[in-house]
file work_1.txt (compact mmCIF, C-alpha atoms)
# COMPACT_ATOMS: atom_id res chain seq x y z
CA MET J 12 6.53 -16.30 46.12
CA PRO J 13 3.57 -15.99 43.76
CA SER J 14 1.56 -19.11 43.16
CA LEU J 15 1.64 -20.90 39.83
CA LYS J 16 -1.82 -19.64 38.99
CA ASP J 17 -0.77 -16.06 39.62
CA LEU J 18 2.19 -16.47 37.32
CA ARG J 19 0.03 -18.01 34.61
CA ASN J 20 -2.40 -15.11 34.84
CA ARG J 21 0.38 -12.58 34.68
CA ILE J 22 1.89 -14.18 31.58
CA ALA J 23 -1.53 -14.27 29.91
CA SER J 24 -2.10 -10.58 30.61
CA VAL J 25 1.30 -9.54 29.30
CA LYS J 26 0.64 -11.61 26.18
CA ALA J 27 -2.66 -9.80 25.69
CA THR J 28 -0.93 -6.45 26.05
CA GLN J 29 1.71 -7.50 23.58
CA LYS J 30 -0.96 -8.38 21.06
CA ILE J 31 -2.45 -4.92 21.42
CA THR J 32 0.85 -3.07 21.08
CA LYS J 33 1.75 -5.24 18.11
CA ALA J 34 -1.55 -4.40 16.43
CA MET J 35 -1.10 -0.70 17.17
CA GLN J 36 2.35 -0.80 15.67
CA MET J 37 1.03 -2.36 12.51
CA VAL J 38 -1.82 0.14 12.25
CA ALA J 39 0.65 2.98 12.80
CA ALA J 40 2.90 1.60 10.06
CA ALA J 41 0.01 1.52 7.61
CA LYS J 42 -1.12 5.00 8.57
CA LEU J 43 2.42 6.28 8.41
CA ARG J 44 2.73 5.24 4.82
CA ARG J 45 -0.45 7.11 3.96
CA ALA J 46 0.58 10.17 5.95
CA GLN J 47 3.99 10.15 4.34
CA THR J 48 2.61 10.06 0.80
CA ALA J 49 0.23 12.88 1.71
CA ALA J 50 3.11 14.93 3.08
CA GLU J 51 5.19 14.26 -0.01
CA ALA J 52 2.31 15.09 -2.35
CA ALA J 53 1.87 18.44 -0.63
CA ARG J 54 5.49 19.39 -0.97
CA PRO J 55 5.49 20.66 -4.59
CA TYR J 56 2.72 23.16 -3.88
CA ALA J 57 4.50 24.58 -0.87
CA GLU J 58 7.78 24.76 -2.76
CA ARG J 59 6.31 26.54 -5.77
CA MET J 60 4.48 28.90 -3.48
CA ALA J 61 7.75 29.77 -1.75
CA VAL J 62 9.44 30.38 -5.09
CA VAL J 63 6.65 32.61 -6.37
CA LEU J 64 6.49 34.58 -3.14
CA GLY J 65 10.25 34.90 -3.12
CA ASN J 66 10.14 36.26 -6.67
CA ILE J 67 7.57 38.88 -5.83
CA ALA J 68 8.93 39.79 -2.43
CA SER J 69 12.44 40.33 -3.75
CA GLY J 70 10.99 42.73 -6.31
CA ILE J 71 9.28 45.05 -3.87
CA THR J 72 10.67 47.31 -1.21
CA VAL J 73 9.19 47.26 2.26
CA GLY J 74 7.21 50.42 2.81
CA PRO J 75 3.99 51.57 4.40
CA GLU J 76 2.11 50.02 1.49
CA THR J 77 3.48 46.54 2.13
CA PRO J 78 0.89 44.13 3.52
CA ARG J 79 1.26 43.71 7.25
CA LEU J 80 1.42 39.94 6.88
CA LEU J 81 4.82 40.45 5.30
CA ALA J 82 6.11 43.58 6.97
CA GLY J 83 4.68 42.97 10.44
CA THR J 84 2.80 45.38 12.62
CA GLY J 85 5.92 47.23 13.63
CA SER J 86 6.03 45.91 17.17
CA ASP J 87 6.57 42.50 18.75
CA ARG J 88 4.73 42.87 21.99
CA VAL J 89 2.07 40.19 21.67
CA HIS J 90 3.10 36.74 20.50
CA LEU J 91 0.77 34.05 19.30
CA LEU J 92 1.93 30.45 19.56
CA ILE J 93 0.12 27.90 17.46
CA VAL J 94 0.96 24.54 18.96
CA CYS J 95 0.12 21.55 16.78
CA THR J 96 0.09 18.19 18.51
CA ALA J 97 -1.70 14.88 18.16
CA GLU J 98 -5.17 14.05 19.35
CA ARG J 99 -4.08 10.79 20.86
CA GLY J 100 -1.36 9.63 23.17
CA LEU J 101 0.69 6.44 23.22
CA CYS J 102 3.19 7.82 20.77
CA GLY J 103 6.31 8.15 22.85
CA ALA J 104 7.67 11.60 23.51
CA PHE J 105 6.01 13.09 20.43
CA ASN J 106 3.47 15.33 22.15
CA SER J 107 5.60 16.25 25.12
CA SER J 108 8.59 17.29 23.03
CA ILE J 109 6.49 19.71 20.96
CA ALA J 110 4.86 21.01 24.11
CA ARG J 111 8.23 21.42 25.78
CA LEU J 112 9.56 23.47 22.89
CA ALA J 113 6.47 25.68 23.00
CA ARG J 114 6.68 26.00 26.78
CA ASP J 115 10.33 27.05 26.70
CA HIS J 116 9.55 29.58 24.01
CA ALA J 117 6.59 30.95 25.97
CA ASN J 118 8.59 31.15 29.19
CA ARG J 119 11.37 33.04 27.44
CA LEU J 120 8.88 35.51 25.97
CA LEU J 121 7.16 35.97 29.31
CA ALA J 122 10.51 36.61 30.98
CA GLU J 123 11.12 39.34 28.40
CA GLY J 124 7.86 40.93 29.44
CA LYS J 125 5.95 40.05 26.28
CA THR J 126 2.35 38.95 26.16
CA VAL J 127 1.79 35.37 25.06
CA LYS J 128 -1.33 33.86 23.55
CA ILE J 129 -1.63 30.22 22.63
CA ILE J 130 -3.81 28.37 20.18
CA CYS J 131 -3.70 24.61 20.61
CA VAL J 132 -4.35 22.35 17.67
CA GLY J 133 -4.85 18.88 19.06
CA LYS J 134 -6.01 17.85 22.48
CA LYS J 135 -2.77 16.42 23.83
CA GLY J 136 -0.80 19.61 23.62
CA TYR J 137 -3.66 21.41 25.30
CA ASP J 138 -3.64 18.90 28.15
CA ILE J 139 0.05 19.47 28.76
CA LEU J 140 0.11 23.25 28.36
CA ARG J 141 -3.11 23.81 30.29
CA ARG J 142 -1.34 23.19 33.59
CA GLN J 143 1.02 26.12 33.21
CA PHE J 144 -0.62 28.44 30.70
CA ALA J 145 -4.31 28.17 31.54
CA GLU J 146 -4.88 31.91 31.05
CA GLN J 147 -2.78 32.21 27.92
CA ILE J 148 -4.60 29.55 25.91
CA ILE J 149 -7.24 31.32 23.88
CA GLU J 150 -8.45 28.52 21.70
CA LEU J 151 -8.42 24.77 21.21
CA VAL J 152 -8.87 23.44 17.71
CA ASP J 153 -10.15 19.91 17.81
CA LEU J 154 -9.33 17.69 14.85
CA ARG J 155 -10.38 14.45 16.47
CA SER J 156 -13.23 13.82 14.08
CA VAL J 157 -10.96 14.33 11.07
CA ARG J 158 -9.65 11.12 9.59
CA GLN J 159 -7.46 12.47 6.84
CA ILE J 160 -6.20 16.00 7.19
CA GLY J 161 -7.24 18.04 4.20
CA PHE J 162 -6.66 21.55 2.99
CA GLU J 163 -9.99 22.62 4.50
CA GLN J 164 -8.79 22.05 8.05
CA ALA J 165 -5.66 24.07 7.46
CA ASP J 166 -7.76 26.77 5.86
CA MET J 167 -10.08 26.84 8.86
CA ILE J 168 -7.17 27.33 11.26
CA ALA J 169 -5.58 29.93 8.99
CA GLN J 170 -8.83 31.89 8.82
CA LYS J 171 -9.03 31.94 12.61
CA VAL J 172 -5.47 33.16 12.89
CA LEU J 173 -6.00 35.78 10.18
CA ALA J 174 -9.18 37.06 11.81
CA ARG J 175 -7.28 37.57 15.05
CA PHE J 176 -4.42 39.24 13.21
CA GLU J 177 -6.78 41.61 11.42
CA ALA J 178 -8.34 42.45 14.76
CA GLY J 179 -4.87 43.39 16.01
CA GLU J 180 -4.80 40.73 18.71
CA PHE J 181 -1.16 39.82 18.18
CA ASP J 182 2.00 40.95 16.36
CA VAL J 183 4.01 37.81 15.79
CA ALA J 184 2.79 34.27 15.19
CA THR J 185 4.91 31.17 15.57
CA LEU J 186 3.90 27.69 14.54
CA PHE J 187 5.04 24.68 16.56
CA TYR J 188 5.01 21.24 15.01
CA SER J 189 7.18 18.21 14.51
CA ARG J 190 9.10 17.85 11.30
CA PHE J 191 9.24 14.35 9.91
CA ARG J 192 12.83 13.30 9.31
CA SER J 193 12.43 9.53 9.51
CA VAL J 194 10.50 6.90 11.42
CA ILE J 195 12.84 7.22 14.36
CA ALA J 196 13.62 10.92 14.13
CA GLN J 197 11.02 13.64 14.43
CA ILE J 198 12.26 17.13 15.03
CA PRO J 199 10.13 19.56 17.04
CA THR J 200 10.24 22.81 15.09
CA ALA J 201 9.27 26.40 15.70
CA GLN J 202 8.49 28.41 12.60
CA GLN J 203 7.54 32.05 12.45
CA ILE J 204 4.63 32.54 10.06
CA ILE J 205 3.56 36.12 10.75
CA PRO J 206 5.29 38.28 9.63
CA ALA J 207 6.04 35.86 6.82
CA GLN J 208 9.62 34.84 6.44
CA ILE J 209 10.43 34.67 2.80
CA GLU J 210 13.78 33.81 1.43
CA ALA J 211 14.51 35.84 -1.63
CA SER J 212 15.14 33.19 -4.24
CA ALA J 213 18.65 32.98 -5.55
CA GLY J 214 17.65 32.50 -9.16
CA SER J 215 15.40 35.54 -9.37
CA SER J 216 15.97 38.64 -11.42
CA ASP J 217 16.61 36.51 -14.49
CA ALA J 218 13.24 37.44 -15.90
CA VAL J 219 11.17 40.57 -15.67
CA TYR J 220 7.66 39.56 -14.82
CA GLU J 221 4.51 41.22 -15.87
CA TYR J 222 2.03 41.28 -13.06
CA GLU J 223 -1.67 41.00 -13.51
CA PRO J 224 -3.15 42.49 -11.36
CA GLU J 225 -0.38 44.55 -9.76
CA GLU J 226 2.30 43.10 -7.53
CA GLY J 227 0.87 44.55 -4.36
CA GLU J 228 -2.53 43.12 -5.08
CA ILE J 229 -1.14 39.70 -5.90
CA LEU J 230 0.84 39.79 -2.70
CA THR J 231 -2.27 40.58 -0.68
CA THR J 232 -4.07 37.54 -2.07
CA LEU J 233 -1.04 35.33 -1.92
CA LEU J 234 0.11 35.96 1.63
CA PRO J 235 -2.99 34.59 3.38
CA ARG J 236 -2.85 31.59 1.08
CA ASN J 237 0.78 31.09 1.97
CA LEU J 238 -0.21 31.04 5.64
CA THR J 239 -2.71 28.29 4.93
CA VAL J 240 -0.11 26.34 3.01
CA GLN J 241 2.38 26.62 5.86
CA ILE J 242 -0.19 25.39 8.36
CA PHE J 243 -1.27 22.63 6.01
CA ARG J 244 2.29 21.46 5.65
CA ALA J 245 2.82 21.58 9.41
CA LEU J 246 -0.30 19.48 9.97
CA LEU J 247 0.77 16.90 7.42
CA GLU J 248 4.30 16.69 8.76
CA ASN J 249 2.84 16.37 12.21
CA ALA J 250 0.53 13.55 11.14
CA ALA J 251 3.43 11.64 9.63
CA SER J 252 5.61 12.29 12.68
CA GLU J 253 2.89 11.16 15.03
CA GLN J 254 2.50 7.83 13.28
CA GLY J 255 6.25 7.40 13.10
CA ALA J 256 6.62 8.12 16.81
CA ARG J 257 3.77 5.79 17.63
CA MET J 258 5.23 3.06 15.50
CA SER J 259 8.59 3.14 17.21
CA ALA J 260 7.01 3.51 20.67
CA MET J 261 4.79 0.50 20.05
CA ASP J 262 7.68 -1.46 18.61
CA ASN J 263 9.57 -0.86 21.85
CA ALA J 264 6.55 -1.80 23.92
CA THR J 265 6.14 -5.04 21.98
CA ARG J 266 9.75 -5.90 22.49
CA ASN J 267 9.58 -5.15 26.21
CA ALA J 268 6.49 -7.30 26.54
CA GLY J 269 8.31 -10.13 24.78
CA GLU J 270 11.19 -9.87 27.22
CA MET J 271 8.83 -9.82 30.15
CA ILE J 272 7.01 -12.90 28.91
CA LYS J 273 10.31 -14.72 28.53
CA LYS J 274 11.35 -13.85 32.07
CA GLN J 275 8.01 -14.76 33.57
CA THR J 276 7.85 -18.04 31.71
CA MET J 277 11.26 -18.89 33.07
CA THR J 278 10.12 -18.19 36.65
CA TYR J 279 6.95 -20.15 36.00
CA ASN J 280 8.86 -23.19 34.77
CA ARG J 281 11.32 -23.02 37.63
CA SER J 282 8.67 -22.86 40.30
CA ARG J 283 6.69 -25.65 38.62
CA GLN J 284 9.76 -27.83 38.66
CA ALA J 285 10.48 -26.90 42.27
CA MET J 286 6.94 -27.85 43.16
CA ILE J 287 7.25 -31.26 41.50
CA THR J 288 10.58 -31.91 43.21
CA LYS J 289 9.08 -30.92 46.53
CA GLU J 290 6.15 -33.28 46.06
CA LEU J 291 8.46 -36.13 45.08
CA ILE J 292 10.60 -35.56 48.15
CA GLU J 293 7.51 -35.61 50.29
CA ILE J 294 6.32 -38.92 48.79
CA ILE J 295 9.75 -40.52 49.06
CA SER J 296 10.37 -39.39 52.61
CA GLY J 297 6.86 -40.55 53.50
CA ALA J 298 7.56 -43.99 52.04
CA GLU J 299 10.90 -44.17 53.83
CA ALA J 300 9.32 -43.37 57.16
CA LEU J 301 7.09 -46.41 56.95
CA MET X 13 3.63 23.08 -32.88
CA ALA X 14 6.01 24.08 -30.15
CA THR X 15 5.23 22.72 -26.75
CA PHE X 16 6.03 23.90 -23.24
CA THR X 17 5.97 22.45 -19.75
CA PHE X 18 2.74 22.84 -17.86
CA GLU X 19 2.24 21.90 -14.23
CA LEU X 20 -0.99 22.04 -12.29
CA VAL X 21 -0.44 21.69 -8.56
CA SER X 22 -3.05 21.57 -5.83
CA PRO X 23 -2.12 21.42 -2.14
CA GLU X 24 -2.93 17.73 -2.01
CA ARG X 25 -1.25 16.51 -5.17
CA VAL X 26 0.26 17.31 -8.55
CA LEU X 27 -2.62 17.02 -11.00
CA PHE X 28 -0.89 17.51 -14.28
CA SER X 29 2.68 17.68 -15.37
CA GLY X 30 3.86 17.44 -18.92
CA GLN X 31 4.31 19.00 -22.33
CA VAL X 32 1.36 20.83 -23.81
CA ASP X 33 0.55 22.97 -26.84
CA ALA X 34 -1.64 25.57 -25.22
CA VAL X 35 -3.41 26.37 -21.98
CA VAL X 36 -6.33 28.76 -21.57
CA LEU X 37 -6.29 30.40 -18.15
CA PRO X 38 -9.28 32.01 -16.46
CA ALA X 39 -7.20 34.97 -15.28
CA THR X 40 -8.76 37.56 -13.01
CA GLU X 41 -8.54 40.24 -15.65
CA GLY X 42 -9.86 38.12 -18.48
CA ASP X 43 -9.15 34.75 -20.03
CA MET X 44 -5.76 34.35 -21.62
CA THR X 45 -4.16 31.67 -23.74
CA VAL X 46 -0.61 30.66 -23.00
CA LEU X 47 1.51 29.31 -25.83
CA ALA X 48 5.14 28.32 -25.91
CA GLY X 49 7.52 31.24 -25.49
CA HIS X 50 5.05 33.41 -23.62
CA SER X 51 6.63 36.36 -21.85
CA PRO X 52 6.91 35.99 -18.06
CA VAL X 53 3.63 36.82 -16.33
CA MET X 54 2.24 36.25 -12.88
CA THR X 55 -1.48 36.38 -12.51
CA THR X 56 -4.19 35.36 -10.14
CA LEU X 57 -7.02 33.18 -11.41
CA LYS X 58 -10.71 33.37 -10.82
CA THR X 59 -12.96 30.38 -10.37
CA GLY X 60 -13.46 28.81 -13.75
CA PHE X 61 -12.33 26.32 -16.34
CA LEU X 62 -8.75 25.95 -17.42
CA VAL X 63 -8.41 24.33 -20.82
CA VAL X 64 -5.34 22.26 -21.58
CA THR X 65 -4.52 21.32 -25.16
CA SER X 66 -1.84 18.71 -25.45
CA THR X 67 -2.69 17.57 -28.98
CA PRO X 68 -4.31 19.90 -31.52
CA GLY X 69 -8.09 19.89 -31.39
CA ASN X 70 -8.17 17.94 -28.18
CA GLY X 71 -8.82 19.98 -25.02
CA LYS X 72 -9.18 18.93 -21.45
CA ARG X 73 -11.12 21.09 -19.05
CA ILE X 74 -10.21 21.45 -15.40
CA LEU X 75 -12.19 23.46 -12.91
CA VAL X 76 -9.94 25.56 -10.66
CA ARG X 77 -10.67 27.70 -7.64
CA GLY X 78 -8.37 30.06 -5.79
CA GLY X 79 -5.65 29.74 -8.34
CA PHE X 80 -2.48 31.48 -9.29
CA ALA X 81 -0.40 31.16 -12.45
CA ASP X 82 3.30 31.69 -12.92
CA ILE X 83 4.55 31.87 -16.49
CA ASN X 84 8.28 31.97 -16.98
CA GLN X 85 10.87 30.67 -19.40
CA ASN X 86 10.62 27.21 -17.85
CA GLY X 87 6.94 26.94 -18.64
CA LEU X 88 3.67 27.47 -16.88
CA THR X 89 2.91 26.55 -13.28
CA VAL X 90 -0.59 26.85 -11.91
CA LEU X 91 -1.13 26.63 -8.17
CA ALA X 92 -4.78 26.05 -7.33
CA GLU X 93 -6.39 25.69 -3.96
CA ARG X 94 -8.87 23.34 -5.52
CA ALA X 95 -8.69 21.73 -8.94
CA LEU X 96 -11.06 19.22 -10.45
CA PRO X 97 -10.73 17.56 -13.86
CA GLU X 98 -13.97 17.69 -15.82
CA GLU X 99 -14.64 13.99 -15.55
CA GLU X 100 -14.35 14.07 -11.76
CA ILE X 101 -16.91 16.81 -11.34
CA THR X 102 -20.29 15.71 -10.12
CA GLN X 103 -23.34 17.75 -9.41
CA ASP X 104 -22.88 17.23 -5.68
CA ILE X 105 -19.39 18.69 -5.73
CA LEU X 106 -20.54 21.70 -7.70
CA ASP X 107 -23.49 22.28 -5.40
CA GLN X 108 -21.16 22.05 -2.43
CA GLU X 109 -18.77 24.56 -4.03
CA ILE X 110 -21.62 26.95 -4.74
CA LEU X 111 -22.77 26.62 -1.15
CA THR X 112 -19.28 27.45 0.18
CA ALA X 113 -19.01 30.41 -2.17
CA GLU X 114 -22.39 31.66 -1.00
CA MET X 115 -21.29 31.31 2.58
CA HIS X 116 -18.19 33.37 1.79
CA TYR X 117 -20.46 35.94 0.19
CA ASP X 118 -22.65 36.13 3.28
CA ALA X 119 -19.70 36.15 5.66
CA THR X 120 -18.05 39.35 4.39
CA ASN X 121 -19.20 42.92 4.35
CA GLU X 122 -16.38 44.33 2.29
CA PRO X 123 -17.54 45.34 -1.18
CA ALA X 124 -14.41 43.95 -2.82
CA ALA X 125 -14.70 40.54 -1.17
CA LYS X 126 -18.42 40.49 -1.93
CA HIS X 127 -17.67 41.17 -5.55
CA VAL X 128 -15.14 38.34 -5.73
CA ALA X 129 -17.51 35.88 -4.09
CA GLU X 130 -20.33 36.97 -6.37
CA ALA X 131 -18.18 36.38 -9.42
CA ALA X 132 -17.22 32.94 -8.10
CA ILE X 133 -20.87 31.99 -7.64
CA ALA X 134 -21.72 33.17 -11.15
CA GLN X 135 -18.78 31.18 -12.55
CA LEU X 136 -19.84 28.05 -10.74
CA ARG X 137 -23.43 28.40 -11.95
CA GLU X 138 -22.08 28.84 -15.45
CA ALA X 139 -19.95 25.72 -15.06
CA LYS X 140 -23.00 23.85 -13.91
CA ALA X 141 -24.93 24.96 -16.96
CA ALA X 142 -22.03 24.12 -19.26
CA LEU X 143 -21.90 20.59 -17.97
CA ASN X 144 -25.66 20.10 -18.28
CA PHE X 145 -26.48 19.34 -14.70
call {"tool": "encode", "arguments": {"input": "work_1.txt", "output": "structure tokens"}}
result
Amino acid sequence: MPSLKDLRNRIASVKATQKITKAMQMVAAAKLRRAQTAAEAARPYAERMAVVLGNIASGITVGPETPRLLAGTGSDRVHLLIVCTAERGLCGAFNSSIARLARDHANRLLAEGKTVKIICVGKKGYDILRRQFAEQIIELVDLRSVRQIGFEQADMIAQKVLARFEAGEFDVATLFYSRFRSVIAQIPTAQQIIPAQIEASAGSSDAVYEYEPEEGEILTTLLPRNLTVQIFRALLENAASEQGARMSAMDNATRNAGEMIKKQTMTYNRSRQAMITKELIEIISGAEAL
Amino acid sequence: MATFTFELVSPERVLFSGQVDAVVLPATEGDMTVLAGHSPVMTTLKTGFLVVTSTPGNGKRILVRGGFADINQNGLTVLAERALPEEEITQDILDQEILTAEMHYDATNEPAAKHVAEAAIAQLREAKAALNF
């Protein structure tokens, strides 16, 4: 039976923890709102880009002239996985679910006899994947010092990926991130970015475009930019998802702490009462003995 | 004067969306003015000023970099990697842009890329001069 002082200390410490989780939840809520607006503001650009690419891509036939970013290298031997996770923990299953998706994908590819290379964006994913894929991880992109993810960061990552692609280091690239559905639902997603997957738009062919410069040339400048946009969108979605996951995780933690405090206070009160009763009995029986 | 829908979108936000009279684009193969009813064109943009006229005799200049324009029957959409309205441009930003462009210039060895970067630097210098910095 813990002493009253022990119980008091324990209640105080749980209360302190609850204050911290409560504060983290509130911070996450504020950050979530910002991340969400950023993600929403980025959507039109990505959508237009998809439409434009769809328009051009549906107009050309895949041949030897087609940029390799669209047509692929012709083989699928070496796979590059770009795993985007958070820089910080304490956000529920957010990091581990992305890492799990990437790990399953990598294991499947390895079982098929393919070569796998991994680029980690964010420290947490690296920490998880390092245990199993120490040799496969070729790079860790650290965004810890970045407060608000901007286009520059996405561009930096895209340039790294492109440089490796140009050097022929891989054939297929897949991006792993968490899509933001709502505060309580984030969906780990795998998206193939090289060769680019472009849906031919349904409403095309209604207008004959003039291209300036030529289609092929436009496509060559547009495809790398599309890659950057895809990565940018993934990073933004990830940022929003992270805050959402953290918010709900911290909400749970706060609630658990509240329950614990209630239970402990009950025990504390009971044992205090028991103590008083015991003392009274002692006094009374002492008086009776006289 | 007939108007058409013009949208300027950067990765971070939608900068402009509305009805305009005319837009002058710094297209890669020469500046071009887009008016209502323009035939469908897709073109890449070079670094430079885009001029939006929403009321006659009243233009607004926006500096764009890494842009792309899509003209169709619904109007004009410009996607720009970076877009800055004239009043938001400061000397620091321009200097920074010039620095990045110069770094791009130094980083490549391909003649074509060098040429593009060189043109971008020249355009930025020109912009700087035009704004009296």
call {"tool": "atom_distance", "arguments": {"input": "work_1.txt", "atom1": "CA of Glu138 (chain X)", "atom2": "CA of Ala165 (chain J)"}}
result
28.6 Å
call {"tool": "residues_around", "arguments": {"input": "work_1.txt", "residues": "Leu64 (chain J)", "least_positions_apart": "4", "cutoff": "8 Å", "atoms": "all atoms listed in the file", "output": "list in words"}}
result
Met60, Ala68, Ile209, Leu230 and Leu233 of chain J
call {"tool": "atom_distance", "arguments": {"input": "work_1.txt", "atom1": "CA of Thr59 (chain X)", "atom2": "CA of Ile133 (chain X)"}}
result
8.5 Å
call {"tool": "residues_around", "arguments": {"input": "work_1.txt", "residues": "Val194 (chain J)", "least_positions_apart": "2", "cutoff": "9 Å", "atoms": "only C-alpha atoms", "output": "ChimeraX atom specification"}}
result
/J:43,191-192,196-197,251-252,254-256,258-259
call {"tool": "closest_residue", "arguments": {"input": "work_1.txt", "among": "J:Gln284, J:Asn66, J:Thr48, J:Ser14", "to": "Glu221 (chain J)", "atoms": "all atoms listed in the file"}}
result
J:Asn66
call {"tool": "residues_around", "arguments": {"input": "work_1.txt", "residues": "Leu88 (chain X)", "least_positions_apart": "3", "cutoff": "12 Å", "atoms": "only C-alpha atoms", "output": "VMD selection string"}}
result
(chain J and resid 59) or (chain X and resid 15 to 21 28 to 37 45 to 55 64 80 to 85 91)
call {"tool": "closest_residue", "arguments": {"input": "work_1.txt", "among": "J:Gln164, J:Thr84, J:Thr32, J:Gln241", "to": "Phe176 (chain J)", "atoms": "only C-alpha atoms"}}
result
J:Thr84
call {"tool": "closest_residue", "arguments": {"input": "work_1.txt", "among": "J:Ala201, J:Ile93, J:Ile229, J:Ile242", "to": "chain X", "atoms": "only C-alpha atoms"}}
result
J:Ile229
call {"tool": "closest_residue", "arguments": {"input": "work_1.txt", "among": "X:Asn70, X:Thr65, X:Thr112, X:Gln135", "to": "chain J", "atoms": "only C-alpha atoms"}}
result
X:Thr112
call {"tool": "atom_distance", "arguments": {"input": "work_1.txt", "atom1": "CA of Arg266 (chain J)", "atom2": "CA of Leu18 (chain J)"}}
result
19.7 Å
call {"tool": "residues_around", "arguments": {"input": "work_1.txt", "residues": "Ala184 (chain J)", "least_positions_apart": "2", "cutoff": "12 Å", "atoms": "all atoms listed in the file", "output": "PyMOL selection string"}}
result
chain J and resi 80-81+83-84+87-94+117+126-130+169+172-173+175-176+179-182+186-187+201-208+238+242
call {"tool": "decode", "arguments": {"input": "work_1.txt", "residues": "region 47-86 of chain J", "atoms": "C-alpha atoms", "output": "PDB file, in the first residue's frame"}}
result
ATOM      1  CA  GLN J  47      -4.335  22.485 -43.901  1.00  0.00           C
ATOM      2  CA  THR J  48      -4.654  25.911 -45.505  1.00  0.00           C
ATOM      3  CA  ALA J  49      -1.219  25.450 -47.054  1.00  0.00           C
ATOM      4  CA  ALA J  50      -2.239  22.074 -48.449  1.00  0.00           C
ATOM      5  CA  GLU J  51      -5.462  23.504 -49.812  1.00  0.00           C
ATOM      6  CA  ALA J  52      -3.706  26.507 -51.344  1.00  0.00           C
ATOM      7  CA  ALA J  53      -1.327  24.183 -53.175  1.00  0.00           C
ATOM      8  CA  ARG J  54      -4.090  22.100 -54.655  1.00  0.00           C
ATOM      9  CA  PRO J  55      -5.047  24.319 -57.634  1.00  0.00           C
ATOM     10  CA  TYR J  56      -1.490  24.344 -58.963  1.00  0.00           C
ATOM     11  CA  ALA J  57      -1.185  20.583 -58.802  1.00  0.00           C
ATOM     12  CA  GLU J  58      -4.588  20.144 -60.416  1.00  0.00           C
ATOM     13  CA  ARG J  59      -3.882  22.509 -63.292  1.00  0.00           C
ATOM     14  CA  MET J  60      -0.522  20.898 -63.801  1.00  0.00           C
ATOM     15  CA  ALA J  61      -2.192  17.492 -64.067  1.00  0.00           C
ATOM     16  CA  VAL J  62      -4.694  18.827 -66.588  1.00  0.00           C
ATOM     17  CA  VAL J  63      -2.025  20.452 -68.740  1.00  0.00           C
ATOM     18  CA  LEU J  64       0.180  17.379 -68.658  1.00  0.00           C
ATOM     19  CA  GLY J  65      -2.792  15.193 -69.437  1.00  0.00           C
ATOM     20  CA  ASN J  66      -3.592  17.382 -72.439  1.00  0.00           C
ATOM     21  CA  ILE J  67      -0.100  17.159 -73.829  1.00  0.00           C
ATOM     22  CA  ALA J  68       0.502  13.535 -72.978  1.00  0.00           C
ATOM     23  CA  SER J  69      -2.720  12.394 -74.614  1.00  0.00           C
ATOM     24  CA  GLY J  70      -1.611  14.176 -77.782  1.00  0.00           C
ATOM     25  CA  ILE J  71       1.695  12.406 -78.194  1.00  0.00           C
ATOM     26  CA  THR J  72       2.504   8.802 -78.864  1.00  0.00           C
ATOM     27  CA  VAL J  73       5.109   7.029 -76.780  1.00  0.00           C
ATOM     28  CA  GLY J  74       8.205   6.500 -78.855  1.00  0.00           C
ATOM     29  CA  PRO J  75      11.959   6.627 -78.523  1.00  0.00           C
ATOM     30  CA  GLU J  76      11.736  10.415 -78.507  1.00  0.00           C
ATOM     31  CA  THR J  77       9.494  10.520 -75.447  1.00  0.00           C
ATOM     32  CA  PRO J  78      11.251  11.818 -72.337  1.00  0.00           C
ATOM     33  CA  ARG J  79      12.283   8.991 -70.058  1.00  0.00           C
ATOM     34  CA  LEU J  80      10.524  10.615 -67.124  1.00  0.00           C
ATOM     35  CA  LEU J  81       7.268   9.750 -68.859  1.00  0.00           C
ATOM     36  CA  ALA J  82       8.111   6.603 -70.773  1.00  0.00           C
ATOM     37  CA  GLY J  83      10.442   5.024 -68.226  1.00  0.00           C
ATOM     38  CA  THR J  84      13.826   3.501 -68.822  1.00  0.00           C
ATOM     39  CA  GLY J  85      12.377   0.341 -70.277  1.00  0.00           C
ATOM     40  CA  SER J  86      13.194  -1.852 -67.309  1.00  0.00           C
TER      41      SER J  86
END
